[in-house]
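Okay, data.csv is below, CSV, C-alpha atoms:
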```csv
chain,number,residue,atom,x,y,z
T,106,MET,CA,-77.6,226.2,-32.9
T,107,MET,CA,-80.4,227.2,-35.2
T,108,ILE,CA,-78.7,225.5,-38.1
T,109,GLN,CA,-78.3,222.4,-36.0
T,110,ILE,CA,-82.0,222.3,-35.2
T,111,ILE,CA,-82.9,222.8,-38.9
T,112,ALA,CA,-80.6,220.0,-39.8
T,113,ALA,CA,-82.2,217.7,-37.2
T,114,VAL,CA,-85.6,218.5,-38.6
T,115,ILE,CA,-84.4,217.7,-42.2
T,116,ALA,CA,-82.7,214.5,-41.0
T,117,THR,CA,-85.8,213.3,-39.1
T,118,VAL,CA,-88.1,213.9,-42.1
T,119,GLY,CA,-85.6,212.2,-44.4
T,120,PHE,CA,-85.7,209.1,-42.2
T,121,SER,CA,-89.5,209.2,-42.0
T,122,VAL,CA,-89.5,208.9,-45.8
T,123,LEU,CA,-87.1,205.9,-45.6
T,124,PHE,CA,-89.3,204.1,-43.0
T,125,GLY,CA,-92.5,204.7,-45.0
T,126,VAL,CA,-94.3,207.1,-42.7
T,127,PRO,CA,-97.5,208.4,-44.4
T,128,SER,CA,-96.6,211.8,-45.9
T,129,LYS,CA,-99.2,213.7,-43.9
T,130,TYR,CA,-97.3,213.0,-40.7
T,131,TYR,CA,-93.9,214.4,-42.0
T,132,PRO,CA,-94.4,217.8,-40.2
T,133,TYR,CA,-95.1,216.1,-36.9
T,134,CYS,CA,-92.0,213.9,-37.2
T,135,GLY,CA,-89.9,216.9,-38.2
T,136,VAL,CA,-91.0,218.9,-35.2
T,137,ILE,CA,-90.5,216.0,-32.8
T,138,GLY,CA,-87.0,215.4,-34.1
T,139,GLY,CA,-86.1,219.1,-33.9
T,140,ALA,CA,-87.5,219.4,-30.4
T,141,GLY,CA,-85.5,216.3,-29.3
T,142,TRP,CA,-82.3,217.7,-30.6
T,143,LEU,CA,-83.0,221.2,-29.1
T,144,VAL,CA,-83.4,219.5,-25.7
T,145,TYR,CA,-80.3,217.5,-26.2
T,146,LEU,CA,-78.2,220.5,-27.0
T,147,ILE,CA,-79.6,222.5,-24.0
T,148,ALA,CA,-79.1,219.5,-21.6
T,149,LEU,CA,-75.6,218.9,-22.9
T,150,GLU,CA,-74.5,222.1,-21.3
T,151,HIS,CA,-75.4,220.8,-17.9
T,152,PHE,CA,-75.2,217.0,-18.1
T,153,SER,CA,-73.1,214.2,-19.7
T,154,THR,CA,-73.9,212.8,-23.1
T,155,ALA,CA,-75.9,210.0,-21.6
T,156,GLY,CA,-77.9,212.4,-19.4
T,157,ALA,CA,-78.7,214.6,-22.3
T,158,SER,CA,-79.8,211.6,-24.4
T,159,LEU,CA,-82.1,210.5,-21.6
T,160,ALA,CA,-83.7,214.0,-21.4
T,161,ALA,CA,-84.1,214.3,-25.2
T,162,THR,CA,-85.5,210.7,-25.5
T,163,MET,CA,-88.1,211.5,-22.8
T,164,VAL,CA,-89.2,214.6,-24.7
T,165,VAL,CA,-89.3,212.8,-28.0
T,166,ILE,CA,-91.4,209.9,-26.6
T,167,PHE,CA,-93.7,212.3,-24.7
T,168,LEU,CA,-94.4,214.3,-27.9
T,169,SER,CA,-94.8,211.2,-29.9
T,170,ARG,CA,-97.4,209.7,-27.6
T,171,LEU,CA,-99.2,213.0,-27.7
T,172,ALA,CA,-99.2,213.1,-31.5
T,173,ALA,CA,-100.3,209.5,-31.6
T,174,VAL,CA,-103.3,210.1,-29.4
T,175,ARG,CA,-104.2,213.2,-31.2
T,176,LYS,CA,-103.9,211.7,-34.7
T,177,LYS,CA,-105.2,208.2,-33.6
T,178,CYS,CA,-102.4,206.2,-35.1
T,179,PRO,CA,-99.5,204.0,-33.9
T,180,VAL,CA,-96.9,205.9,-31.8
T,181,THR,CA,-94.1,204.1,-33.7
T,182,ILE,CA,-94.7,206.3,-36.6
T,183,PHE,CA,-93.5,209.4,-34.7
T,184,LEU,CA,-91.0,208.0,-32.3
T,185,ILE,CA,-88.7,206.0,-34.6
T,186,ALA,CA,-87.7,208.9,-36.8
T,187,GLY,CA,-87.6,211.3,-33.9
T,188,ILE,CA,-85.3,209.2,-31.9
T,189,PHE,CA,-82.9,208.6,-34.8
T,190,PRO,CA,-80.6,211.6,-34.2
T,191,LEU,CA,-80.0,210.3,-30.6
T,192,VAL,CA,-79.1,206.7,-31.5
T,193,PRO,CA,-75.3,206.5,-31.0
T,194,GLY,CA,-74.3,205.9,-34.6
T,195,ALA,CA,-71.4,208.3,-34.2
T,196,GLY,CA,-70.3,206.5,-31.1
T,197,VAL,CA,-70.1,203.3,-33.0
T,198,TYR,CA,-68.1,205.0,-35.7
T,199,TRP,CA,-65.5,206.4,-33.3
T,200,THR,CA,-65.2,203.1,-31.5
T,201,ALA,CA,-64.4,201.3,-34.7
T,202,TYR,CA,-62.1,204.1,-35.7
T,203,TYR,CA,-60.1,204.0,-32.5
T,204,ILE,CA,-59.8,200.2,-32.6
T,205,VAL,CA,-58.5,200.3,-36.1
T,206,THR,CA,-56.0,203.1,-35.3
T,207,ASP,CA,-54.8,201.2,-32.2
T,208,GLN,CA,-56.0,203.8,-29.7
T,209,LEU,CA,-57.6,201.2,-27.4
T,210,ARG,CA,-58.1,203.4,-24.4
T,211,LEU,CA,-60.1,205.9,-26.4
T,212,ALA,CA,-61.9,203.0,-28.1
T,213,ALA,CA,-63.0,201.7,-24.7
T,214,GLU,CA,-64.0,205.1,-23.6
T,215,THR,CA,-66.2,205.9,-26.7
T,216,GLY,CA,-67.6,202.4,-26.8
T,217,TYR,CA,-68.6,202.7,-23.1
T,218,THR,CA,-70.2,206.1,-23.8
T,219,ALA,CA,-72.2,204.6,-26.7
T,220,VAL,CA,-73.5,201.8,-24.5
T,221,LYS,CA,-74.4,204.4,-21.8
T,222,VAL,CA,-76.3,206.4,-24.4
T,223,ALA,CA,-78.1,203.3,-25.6
T,224,VAL,CA,-79.1,202.5,-22.0
T,225,ALA,CA,-80.3,206.1,-21.5
T,226,ILE,CA,-82.5,205.8,-24.6
T,227,VAL,CA,-83.9,202.5,-23.3
T,228,LEU,CA,-84.7,204.1,-19.9
T,229,GLY,CA,-86.3,207.2,-21.6
T,230,ILE,CA,-88.6,205.0,-23.7
T,231,VAL,CA,-89.6,202.8,-20.7
T,232,PHE,CA,-90.2,205.7,-18.3
T,233,ILE,CA,-92.5,207.7,-20.6
T,234,PHE,CA,-94.4,204.6,-21.8
T,235,GLU,CA,-95.2,204.0,-18.1
T,236,LEU,CA,-97.3,207.2,-17.9
T,237,PRO,CA,-101.0,206.4,-18.1
T,238,GLN,CA,-102.7,206.7,-21.5
T,239,GLY,CA,-105.4,208.9,-19.9
T,240,LEU,CA,-102.9,211.7,-19.3
T,241,PHE,CA,-102.2,211.9,-23.0
T,242,VAL,CA,-105.9,211.8,-23.9
T,243,ARG,CA,-106.5,214.7,-21.6
T,244,LEU,CA,-103.6,216.7,-22.9
T,245,ALA,CA,-104.4,216.1,-26.5
T,246,GLY,CA,-108.1,216.9,-25.9
T,247,ASN,CA,-107.3,220.2,-24.2
T,248,LYS,CA,-105.2,221.5,-27.0
X,238,MET,CA,-122.8,173.1,-32.6
X,239,SER,CA,-122.9,172.7,-28.9
X,240,THR,CA,-125.4,174.4,-26.6
X,241,SER,CA,-122.8,176.6,-25.1
X,242,GLY,CA,-121.9,177.8,-28.5
X,243,GLN,CA,-125.5,178.7,-29.3
X,244,LYS,CA,-125.7,180.6,-26.0
X,245,ARG,CA,-122.6,182.4,-26.8
X,246,ILE,CA,-123.9,183.6,-30.1
X,247,GLU,CA,-127.2,184.6,-28.6
X,248,SER,CA,-125.5,186.7,-26.0
X,249,THR,CA,-123.3,188.5,-28.4
X,250,ILE,CA,-125.7,188.8,-31.3
X,251,ASP,CA,-126.8,192.4,-30.5
X,252,THR,CA,-123.2,193.7,-30.5
X,253,ALA,CA,-121.6,191.5,-33.1
X,254,ILE,CA,-122.4,190.0,-36.4
X,255,ASP,CA,-122.6,186.3,-36.4
X,256,CYS,CA,-120.3,184.9,-39.1
X,257,ASP,CA,-118.1,182.0,-39.9
X,258,GLU,CA,-115.4,181.5,-37.3
X,259,ASP,CA,-112.7,180.3,-39.7
X,260,GLU,CA,-113.1,183.3,-41.9
X,261,VAL,CA,-112.9,185.7,-39.0
X,262,MET,CA,-109.7,183.9,-37.8
X,263,GLU,CA,-108.2,184.0,-41.2
X,264,LEU,CA,-109.0,187.7,-41.4
X,265,ALA,CA,-107.4,188.3,-38.0
X,266,MET,CA,-104.3,186.4,-39.1
X,267,GLN,CA,-103.9,188.3,-42.3
X,268,ALA,CA,-104.2,191.6,-40.4
X,269,GLY,CA,-101.6,190.4,-37.9
X,270,GLU,CA,-99.3,189.2,-40.7
X,271,LEU,CA,-99.5,192.6,-42.4
X,272,LEU,CA,-98.6,194.4,-39.1
X,273,LEU,CA,-95.8,192.1,-38.1
X,274,GLU,CA,-94.0,192.0,-41.5
X,275,ASN,CA,-94.1,195.8,-41.8
X,276,GLY,CA,-92.5,196.5,-38.4
X,277,ALA,CA,-95.2,196.7,-35.7
X,278,GLU,CA,-94.6,195.8,-32.1
X,279,ILE,CA,-95.8,192.4,-30.7
X,280,PHE,CA,-98.4,194.0,-28.5
X,281,ARG,CA,-100.0,195.9,-31.3
X,282,VAL,CA,-100.4,192.7,-33.4
X,283,GLU,CA,-102.0,190.9,-30.4
X,284,GLU,CA,-104.3,193.8,-29.7
X,285,THR,CA,-105.4,194.1,-33.3
X,286,MET,CA,-106.1,190.4,-33.8
X,287,ASP,CA,-107.9,190.3,-30.5
X,288,ARG,CA,-110.1,193.3,-31.5
X,289,ILE,CA,-111.1,191.7,-34.8
X,290,CYS,CA,-111.9,188.4,-33.2
X,291,ARG,CA,-114.0,189.9,-30.4
X,292,HIS,CA,-115.9,192.2,-32.7
X,293,TYR,CA,-117.0,189.4,-35.0
X,294,GLY,CA,-117.9,187.3,-32.0
X,295,VAL,CA,-115.2,184.7,-31.9
X,296,GLU,CA,-114.7,184.7,-28.1
X,297,SER,CA,-112.6,181.5,-28.0
X,298,ALA,CA,-109.7,182.9,-30.1
X,299,SER,CA,-106.3,183.0,-28.7
X,300,GLN,CA,-103.0,183.9,-30.4
X,301,PHE,CA,-99.3,183.6,-29.6
X,302,ILE,CA,-97.0,185.9,-31.5
X,303,LEU,CA,-93.3,185.8,-31.9
X,304,MET,CA,-91.0,188.1,-33.9
X,305,ASN,CA,-91.7,186.3,-37.1
X,306,TYR,CA,-94.4,183.7,-36.3
X,307,ILE,CA,-98.1,184.0,-35.6
X,308,LEU,CA,-99.9,181.0,-34.0
X,309,ALA,CA,-103.7,181.3,-33.6
X,310,THR,CA,-106.4,178.9,-32.5
X,311,ALA,CA,-110.2,179.2,-31.9
X,312,GLY,CA,-112.8,176.7,-30.8
X,313,GLU,CA,-113.5,174.9,-27.6
X,314,GLY,CA,-114.7,171.5,-26.5
X,315,HIS,CA,-115.1,168.8,-29.0
X,316,GLY,CA,-116.4,170.9,-31.9
X,317,HIS,CA,-114.6,172.3,-34.9
X,318,VAL,CA,-111.2,173.8,-34.0
X,319,PHE,CA,-109.4,176.4,-36.0
X,320,ALA,CA,-105.6,176.3,-35.7
X,321,LYS,CA,-103.0,177.9,-37.9
X,322,VAL,CA,-99.3,178.7,-37.7
X,323,ARG,CA,-97.7,181.2,-40.1
X,324,HIS,CA,-94.1,182.1,-40.6
X,325,ILE,CA,-93.7,185.8,-41.5
X,326,PRO,CA,-90.5,187.1,-43.1
X,327,VAL,CA,-89.9,190.6,-41.8
X,328,ASN,CA,-89.4,192.8,-44.8
X,329,GLY,CA,-88.3,196.1,-43.4
X,330,SER,CA,-90.5,198.9,-42.1
X,331,HIS,CA,-93.5,200.3,-44.0
X,332,LEU,CA,-95.1,202.3,-41.3
X,333,ASP,CA,-97.8,203.5,-43.6
X,334,LYS,CA,-99.2,200.0,-43.8
X,335,VAL,CA,-99.0,199.6,-40.0
X,336,ALA,CA,-101.0,202.8,-39.6
X,337,ALA,CA,-103.5,201.7,-42.2
X,338,VAL,CA,-104.2,198.3,-40.5
X,339,ASN,CA,-104.4,200.1,-37.2
X,340,GLN,CA,-107.0,202.4,-38.6
X,341,LEU,CA,-108.9,199.6,-40.2
X,342,SER,CA,-109.1,197.6,-36.9
X,343,ARG,CA,-110.5,200.7,-35.2
X,344,GLU,CA,-113.1,201.0,-37.8
X,345,ILE,CA,-113.9,197.3,-37.6
X,346,ALA,CA,-114.4,197.7,-33.9
X,347,GLU,CA,-116.8,200.6,-34.6
X,348,GLY,CA,-118.8,198.2,-36.8
X,349,LYS,CA,-118.2,199.8,-40.2
X,350,TYR,CA,-117.1,196.6,-42.0
X,351,THR,CA,-118.5,193.1,-42.7
X,352,VAL,CA,-116.0,190.3,-42.8
X,353,SER,CA,-115.8,190.3,-46.6
X,354,GLU,CA,-115.5,194.1,-46.8
X,355,ALA,CA,-112.7,193.9,-44.3
X,356,TYR,CA,-110.9,191.3,-46.5
X,357,GLN,CA,-111.1,193.7,-49.4
X,358,ALA,CA,-109.8,196.6,-47.2
X,359,LEU,CA,-106.8,194.4,-46.1
X,360,GLU,CA,-106.1,193.5,-49.7
X,361,THR,CA,-106.0,197.2,-50.6
X,362,ILE,CA,-103.6,197.9,-47.8
X,363,ARG,CA,-101.4,195.0,-48.9
X,364,ARG,CA,-101.2,196.5,-52.3
X,365,MET,CA,-100.4,200.0,-51.2
X,366,PRO,CA,-97.6,201.1,-53.4
X,367,ASP,CA,-94.2,201.5,-51.8
X,368,LYS,CA,-92.5,204.8,-52.1
X,369,ARG,CA,-90.7,205.2,-55.4
X,370,LYS,CA,-87.0,204.2,-55.2
X,371,SER,CA,-85.9,207.5,-56.5
X,372,VAL,CA,-87.7,209.2,-53.6
X,373,LEU,CA,-86.0,206.8,-51.1
X,374,ILE,CA,-82.6,207.5,-52.5
X,375,LEU,CA,-83.1,211.2,-52.5
X,376,ALA,CA,-84.3,211.1,-48.9
X,377,SER,CA,-81.3,209.0,-47.8
X,378,GLY,CA,-79.0,211.6,-49.4
X,379,VAL,CA,-80.7,214.5,-47.8
X,380,ALA,CA,-80.8,212.8,-44.4
X,381,SER,CA,-77.1,211.9,-44.6
X,382,GLY,CA,-76.2,215.5,-45.4
X,383,ALA,CA,-78.3,216.8,-42.5
X,384,PHE,CA,-76.7,214.3,-40.1
X,385,CYS,CA,-73.3,215.4,-41.1
X,386,CYS,CA,-74.3,219.0,-40.3
X,387,LEU,CA,-75.8,217.8,-37.0
X,388,PHE,CA,-72.4,216.4,-35.9
X,389,GLY,CA,-70.6,219.6,-36.8
X,390,GLY,CA,-69.7,219.3,-40.5
X,391,ASN,CA,-69.4,222.3,-42.7
X,392,LEU,CA,-71.2,222.9,-46.0
X,393,MET,CA,-68.8,220.9,-48.2
X,394,ASP,CA,-68.8,218.0,-45.7
X,395,CYS,CA,-72.6,217.9,-45.9
X,396,LEU,CA,-72.5,217.9,-49.7
X,397,ALA,CA,-70.0,215.0,-49.7
X,398,ALA,CA,-72.1,213.1,-47.1
X,399,ALA,CA,-75.2,213.7,-49.2
X,400,ILE,CA,-73.5,212.2,-52.3
X,401,ALA,CA,-72.3,209.2,-50.2
X,402,GLY,CA,-75.8,208.9,-48.7
X,403,PHE,CA,-77.3,208.7,-52.2
X,404,LEU,CA,-74.9,206.0,-53.2
X,405,ILE,CA,-75.3,204.0,-50.0
X,406,TYR,CA,-79.0,203.7,-50.6
X,407,VAL,CA,-78.5,202.7,-54.2
X,408,TYR,CA,-76.2,200.0,-52.7
X,409,ILE,CA,-78.9,199.0,-50.2
X,410,LEU,CA,-81.7,198.8,-52.7
X,411,TYR,CA,-79.9,197.1,-55.6
X,412,ILE,CA,-77.0,195.1,-54.1
X,413,SER,CA,-77.2,194.3,-50.4
X,414,GLY,CA,-81.0,194.1,-50.1
X,415,PRO,CA,-81.7,191.5,-52.8
X,416,HIS,CA,-78.4,189.7,-53.0
X,417,LEU,CA,-76.5,189.7,-49.8
X,418,SER,CA,-77.0,188.3,-46.3
X,419,LYS,CA,-77.4,190.7,-43.4
X,420,ILE,CA,-73.9,190.3,-42.1
X,421,VAL,CA,-72.1,190.6,-45.4
X,422,GLY,CA,-74.4,193.3,-46.6
X,423,ASN,CA,-73.7,195.5,-43.6
X,424,VAL,CA,-70.0,194.9,-43.5
X,425,GLY,CA,-70.0,195.7,-47.2
X,426,GLY,CA,-72.1,198.8,-46.5
X,427,GLY,CA,-69.7,200.1,-43.9
X,428,ALA,CA,-66.7,199.5,-46.2
X,429,PHE,CA,-68.6,201.1,-49.1
X,430,VAL,CA,-69.4,204.3,-47.2
X,431,THR,CA,-65.8,204.6,-46.1
X,432,LEU,CA,-64.5,204.0,-49.7
X,433,VAL,CA,-66.9,206.6,-51.2
X,434,CYS,CA,-66.1,209.2,-48.6
X,435,ASN,CA,-62.4,208.6,-49.0
X,436,LEU,CA,-62.7,209.1,-52.8
X,437,LEU,CA,-64.6,212.3,-52.3
X,438,TYR,CA,-62.1,213.5,-49.8
X,439,MET,CA,-59.2,212.8,-52.2
X,440,ALA,CA,-61.1,214.6,-54.9
X,441,GLY,CA,-61.2,217.6,-52.7
X,442,ILE,CA,-64.8,217.6,-51.7
X,443,GLY,CA,-65.2,217.9,-47.9
X,444,ASP,CA,-62.8,218.7,-45.2
X,445,HIS,CA,-63.6,216.4,-42.3
X,446,LEU,CA,-63.5,212.8,-43.4
X,447,ASN,CA,-64.8,211.4,-40.1
X,448,LEU,CA,-67.9,213.5,-40.1
X,449,MET,CA,-68.6,212.7,-43.7
X,450,ILE,CA,-68.5,208.9,-42.9
X,451,ILE,CA,-70.6,209.3,-39.8
X,452,GLY,CA,-73.3,211.2,-41.7
X,453,SER,CA,-73.5,208.9,-44.6
X,454,MET,CA,-73.5,205.6,-42.6
X,455,MET,CA,-76.7,206.6,-40.8
X,456,PRO,CA,-79.0,205.0,-43.4
X,457,LEU,CA,-77.4,201.7,-42.4
X,458,VAL,CA,-78.0,202.1,-38.7
X,459,PRO,CA,-80.7,199.8,-37.3
X,460,GLY,CA,-82.8,202.4,-35.5
X,461,VAL,CA,-86.1,200.6,-36.1
X,462,ALA,CA,-85.0,197.2,-34.8
X,463,PHE,CA,-83.4,198.9,-31.8
X,464,THR,CA,-86.5,201.0,-30.9
X,465,ILE,CA,-89.0,198.1,-31.5
X,466,ALA,CA,-86.8,195.8,-29.4
X,467,ILE,CA,-87.0,198.1,-26.5
X,468,ARG,CA,-90.8,198.5,-26.9
X,469,ASP,CA,-91.2,194.7,-27.0
X,470,ALA,CA,-89.1,194.2,-23.9
X,471,ALA,CA,-90.9,196.9,-22.1
X,472,ASP,CA,-94.2,195.3,-22.9
X,473,GLY,CA,-93.0,192.0,-21.4
X,474,ASP,CA,-92.4,190.3,-24.8
X,475,TYR,CA,-89.0,189.3,-23.8
X,476,ILE,CA,-88.3,186.7,-26.6
X,477,SER,CA,-89.1,189.1,-29.4
X,478,GLY,CA,-87.4,191.9,-27.6
X,479,THR,CA,-84.2,189.9,-27.1
X,480,VAL,CA,-84.1,188.6,-30.7
X,481,ARG,CA,-84.6,192.0,-32.2
X,482,MET,CA,-82.0,193.6,-29.9
X,483,ILE,CA,-79.5,190.9,-31.0
X,484,ASP,CA,-80.4,191.7,-34.6
X,485,ALA,CA,-79.8,195.4,-34.0
X,486,LEU,CA,-76.5,194.8,-32.2
X,487,LEU,CA,-75.3,192.5,-34.9
X,488,VAL,CA,-76.0,195.1,-37.5
X,489,PHE,CA,-74.2,197.8,-35.4
X,490,ILE,CA,-71.2,195.6,-35.1
X,491,CYS,CA,-71.2,194.7,-38.8
X,492,ILE,CA,-71.2,198.3,-39.8
X,493,ALA,CA,-68.4,199.0,-37.3
X,494,ILE,CA,-66.3,196.2,-38.8
X,495,GLY,CA,-67.0,197.4,-42.3
X,496,VAL,CA,-66.0,201.0,-41.5
X,497,GLY,CA,-63.0,199.7,-39.6
X,498,MET,CA,-61.8,197.6,-42.5
X,499,GLY,CA,-62.3,200.5,-44.8
X,500,ILE,CA,-60.2,202.8,-42.7
X,501,ALA,CA,-57.5,200.2,-42.2
X,502,VAL,CA,-57.1,199.6,-45.9
X,503,LEU,CA,-57.5,203.2,-47.1
X,504,ASN,CA,-55.6,205.1,-44.5
X,505,PRO,CA,-52.2,204.4,-46.0
X,506,LEU,CA,-53.5,205.5,-49.4
X,507,THR,CA,-54.9,208.9,-48.2
X,508,GLY,CA,-51.8,209.5,-46.1
X,509,GLY,CA,-53.7,209.1,-42.9
X,510,ALA,CA,-56.4,211.7,-43.7
X,511,ALA,CA,-58.7,210.4,-41.1
X,512,LEU,CA,-56.1,210.5,-38.4
```
Starting from the coordinates I provided, produce the structure as structure tokens.
Amino acid sequence: MMIQIIAAVIATVGFSVLFGVPSKYYPYCGVIGGAGWLVYLIALEHFSTAGASLAATMVVIFLSRLAAVRKKCPVTIFLIAGIFPLVPGAGVYWTAYYIVTDQLRLAAETGYTAVKVAVAIVLGIVFIFELPQGLFVRLAGNK
Amino acid sequence: MSTSGQKRIESTIDTAIDCDEDEVMELAMQAGELLLENGAEIFRVEETMDRICRHYGVESASQFILMNYILATAGEGHGHVFAKVRHIPVNGSHLDKVAAVNQLSREIAEGKYTVSEAYQALETIRRMPDKRKSVLILASGVASGAFCCLFGGNLMDCLAAAIAGFLIYVYILYISGPHLSKIVGNVGGGAFVTLVCNLLYMAGIGDHLNLMIIGSMMPLVPGVAFTIAIRDAADGDYISGTVRMIDALLVFICIAIGVGMGIAVLNPLTGGAAL
């Protein structure tokens, strides 16, 4: 599990570089990505993939907004890289794979799961952005 | 100038610097353009343009922003009217520029810039150097390797995914980016990743072909378009949200088609290694 978290941190920082995040924010992106994956792994023991994605997304967005308020910069900088490990890229791969290898039942199943994960991410983003900005200002100020 | 205009300037003169309306509008548009083309949300573009106009005392400004258009007007009554439409090709995400313009607009609102100084600051941001290509390629490789590990690959799988990740970014930077359309570029990207991973697998590097492919196709995945689409839709900017979501979905599907084609062609050659 520790190795997985480290991999998540490295992957997140890698994508921050690709998206042109200013280099002084790499540590924040890494921590947010790692925290998201940690929550995902823990939640996966109790919930479905989609449920775990929802929980992880909410944590990623919450931390991103906190970092954005604290550093006074656009929240996009933190959340895009942090959310990347959760985007169902693997789901898309398996769906394509099962379609090509004529396992249509499995293809439908994985495709359906990928859509559910995408919806979970959408909900996670929308829910946390609904929280008032003042809350984050207070939290960031108290730190 | 009409009397209402004079009154307006008088009433705002203590908080704002009186200056040429057209220049302020042009400044706001350039700031908006920089934000939009580098991957900012609609609402941020609106807010920034609004902030600049208000600070320099152009109260009549209004703007309408779509995914790749900015329309802005200023002026009221029968006097001089500023109106401009600009088409903005979106050129990927450079979040450092978004952050810099955001910071600049805050500082403008705090009164640290005159209009001409703000122009210069914008020009500096526009010329901010991109990250070096070698750095991007390296980052893509490292991230691909890490993703392979994330999905359960072992050390050799990660190494193979990293090599494929290097190559896919070379492909993005030098072949698909400048020369190919989005659809062909992504179908080709998916097929390219599959081909490279198959070759590595046949050469004995890596044990899990599937995980290698998943890891190294991640640099193609449209995470930015997907996330910004949700943000736009959540802010009520449905048109931009929808268009960006279609964009993301299209890319997802193209990658899947490319990978699928790769597997279909190569599976017989590798003796069904991916099966």
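You will find atom CA of X:Ile400 at 26.3 Å from atom CA of X:Leu487.
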I want to know what sits within 9 Å of stretch 207-219 of chain T, based on all atoms listed in the file, with residues of the same chain fewer than 4 positions away left out; could you give that as an mmCIF file with C-alpha atoms, keeping the file's coordinate frame?
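Okay, out_24.cif is ready:
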```
data_model
loop_
_atom_site.group_PDB
_atom_site.id
_atom_site.type_symbol
_atom_site.label_atom_id
_atom_site.label_comp_id
_atom_site.auth_asym_id
_atom_site.auth_seq_id
_atom_site.Cartn_x
_atom_site.Cartn_y
_atom_site.Cartn_z
ATOM 1 C CA THR T 154 -73.900 212.800 -23.100
ATOM 2 C CA ALA T 155 -75.900 210.000 -21.600
ATOM 3 C CA VAL T 192 -79.100 206.700 -31.500
ATOM 4 C CA PRO T 193 -75.300 206.500 -31.000
ATOM 5 C CA GLY T 194 -74.300 205.900 -34.600
ATOM 6 C CA ALA T 195 -71.400 208.300 -34.200
ATOM 7 C CA GLY T 196 -70.300 206.500 -31.100
ATOM 8 C CA VAL T 197 -70.100 203.300 -33.000
ATOM 9 C CA TRP T 199 -65.500 206.400 -33.300
ATOM 10 C CA THR T 200 -65.200 203.100 -31.500
ATOM 11 C CA ALA T 201 -64.400 201.300 -34.700
ATOM 12 C CA TYR T 202 -62.100 204.100 -35.700
ATOM 13 C CA TYR T 203 -60.100 204.000 -32.500
ATOM 14 C CA ALA T 223 -78.100 203.300 -25.600
ATOM 15 C CA VAL T 224 -79.100 202.500 -22.000
#
```
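Atom CA of X:Gly499 sits 14.2 Å away from atom CA of X:Gly422.
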Using all atoms listed in the file, which chain T residues lie at most 9 Å away from chain X, written as JSON, numbers by chain?
{"T": [108, 109, 110, 111, 112, 113, 114, 115, 116, 117, 118, 119, 120, 121, 122, 123, 124, 125, 126, 127, 128, 177, 178, 179, 181, 182, 184, 185, 186, 188, 189, 190, 192, 194, 195, 197, 198, 199, 200, 201, 202, 203, 204, 205, 206, 226, 227, 230, 231, 234]}
Closest of T:Lys129, T:Phe183, T:Lys176, T:Met106 to T:Trp142 - atom-to-atom distances counting all atoms listed in the file:
T:Met106
Long-range neighbours of T:Leu168 as a ChimeraX atom specification, 10 Å cut-off, all atoms listed in the file, 5 positions minimum in chain
/T:133-134,136-138,140-141,162-163,173-174,180,183-184,187,241
Take the residues from that selection and put them in a file with C-alpha atoms, as a PDB file, in the frame of the given file.
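And here's part_6.pdb as it stands now:
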```
ATOM      1  CA  TYR T 133     -95.100 216.100 -36.900  1.00  0.00           C
ATOM      2  CA  CYS T 134     -92.000 213.900 -37.200  1.00  0.00           C
ATOM      3  CA  VAL T 136     -91.000 218.900 -35.200  1.00  0.00           C
ATOM      4  CA  ILE T 137     -90.500 216.000 -32.800  1.00  0.00           C
ATOM      5  CA  GLY T 138     -87.000 215.400 -34.100  1.00  0.00           C
ATOM      6  CA  ALA T 140     -87.500 219.400 -30.400  1.00  0.00           C
ATOM      7  CA  GLY T 141     -85.500 216.300 -29.300  1.00  0.00           C
ATOM      8  CA  THR T 162     -85.500 210.700 -25.500  1.00  0.00           C
ATOM      9  CA  MET T 163     -88.100 211.500 -22.800  1.00  0.00           C
ATOM     10  CA  ALA T 173    -100.300 209.500 -31.600  1.00  0.00           C
ATOM     11  CA  VAL T 174    -103.300 210.100 -29.400  1.00  0.00           C
ATOM     12  CA  VAL T 180     -96.900 205.900 -31.800  1.00  0.00           C
ATOM     13  CA  PHE T 183     -93.500 209.400 -34.700  1.00  0.00           C
ATOM     14  CA  LEU T 184     -91.000 208.000 -32.300  1.00  0.00           C
ATOM     15  CA  GLY T 187     -87.600 211.300 -33.900  1.00  0.00           C
ATOM     16  CA  PHE T 241    -102.200 211.900 -23.000  1.00  0.00           C
TER      17      PHE T 241
END
```
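Here atom CA of X:Glu354 and atom CA of X:Glu296 stand 20.9 Å from one another.
Comparing the minimum interatomic distances between T:Leu240 and each of T:Ala160, T:Phe167, T:Leu146, T:Val220, counting only C-alpha atoms, we find that T:Phe167 sits nearest.
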Stretch 258-264 of chain X environment, 7 Å, all atoms listed in the file, sequence neighbours closer than 4 positions dropped, as a short mmCIF file (atom, residue, chain, number, x, y, z; two decimals) with C-alpha atoms, in the coordinates of the input:
```cif
data_model
loop_
_atom_site.label_atom_id
_atom_site.label_comp_id
_atom_site.auth_asym_id
_atom_site.auth_seq_id
_atom_site.Cartn_x
_atom_site.Cartn_y
_atom_site.Cartn_z
CA ALA X 268 -104.20 191.60 -40.40
CA CYS X 290 -111.90 188.40 -33.20
CA TYR X 293 -117.00 189.40 -35.00
CA VAL X 295 -115.20 184.70 -31.90
CA PHE X 319 -109.40 176.40 -36.00
CA VAL X 352 -116.00 190.30 -42.80
CA TYR X 356 -110.90 191.30 -46.50
#
```
Across X:Pro326, X:Gly414, X:Gly316, X:Pro366, the smallest distance to X:Met304, with only C-alpha atoms counted, is shown by X:Pro326
Could I get stretch 429-434 of chain X from the block written as a compact mmCIF listing (two decimals), in the first residue's frame, with C-alpha atoms?
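Listing of result36.txt after writing:
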```txt
# COMPACT_ATOMS: atom_id res chain seq x y z
CA PHE X 429 1.08 3.43 -31.02
CA VAL X 430 1.03 2.69 -27.29
CA THR X 431 -0.29 -0.80 -27.93
CA LEU X 432 2.36 -1.44 -30.56
CA VAL X 433 5.25 -0.22 -28.37
CA CYS X 434 4.07 -2.23 -25.38
```
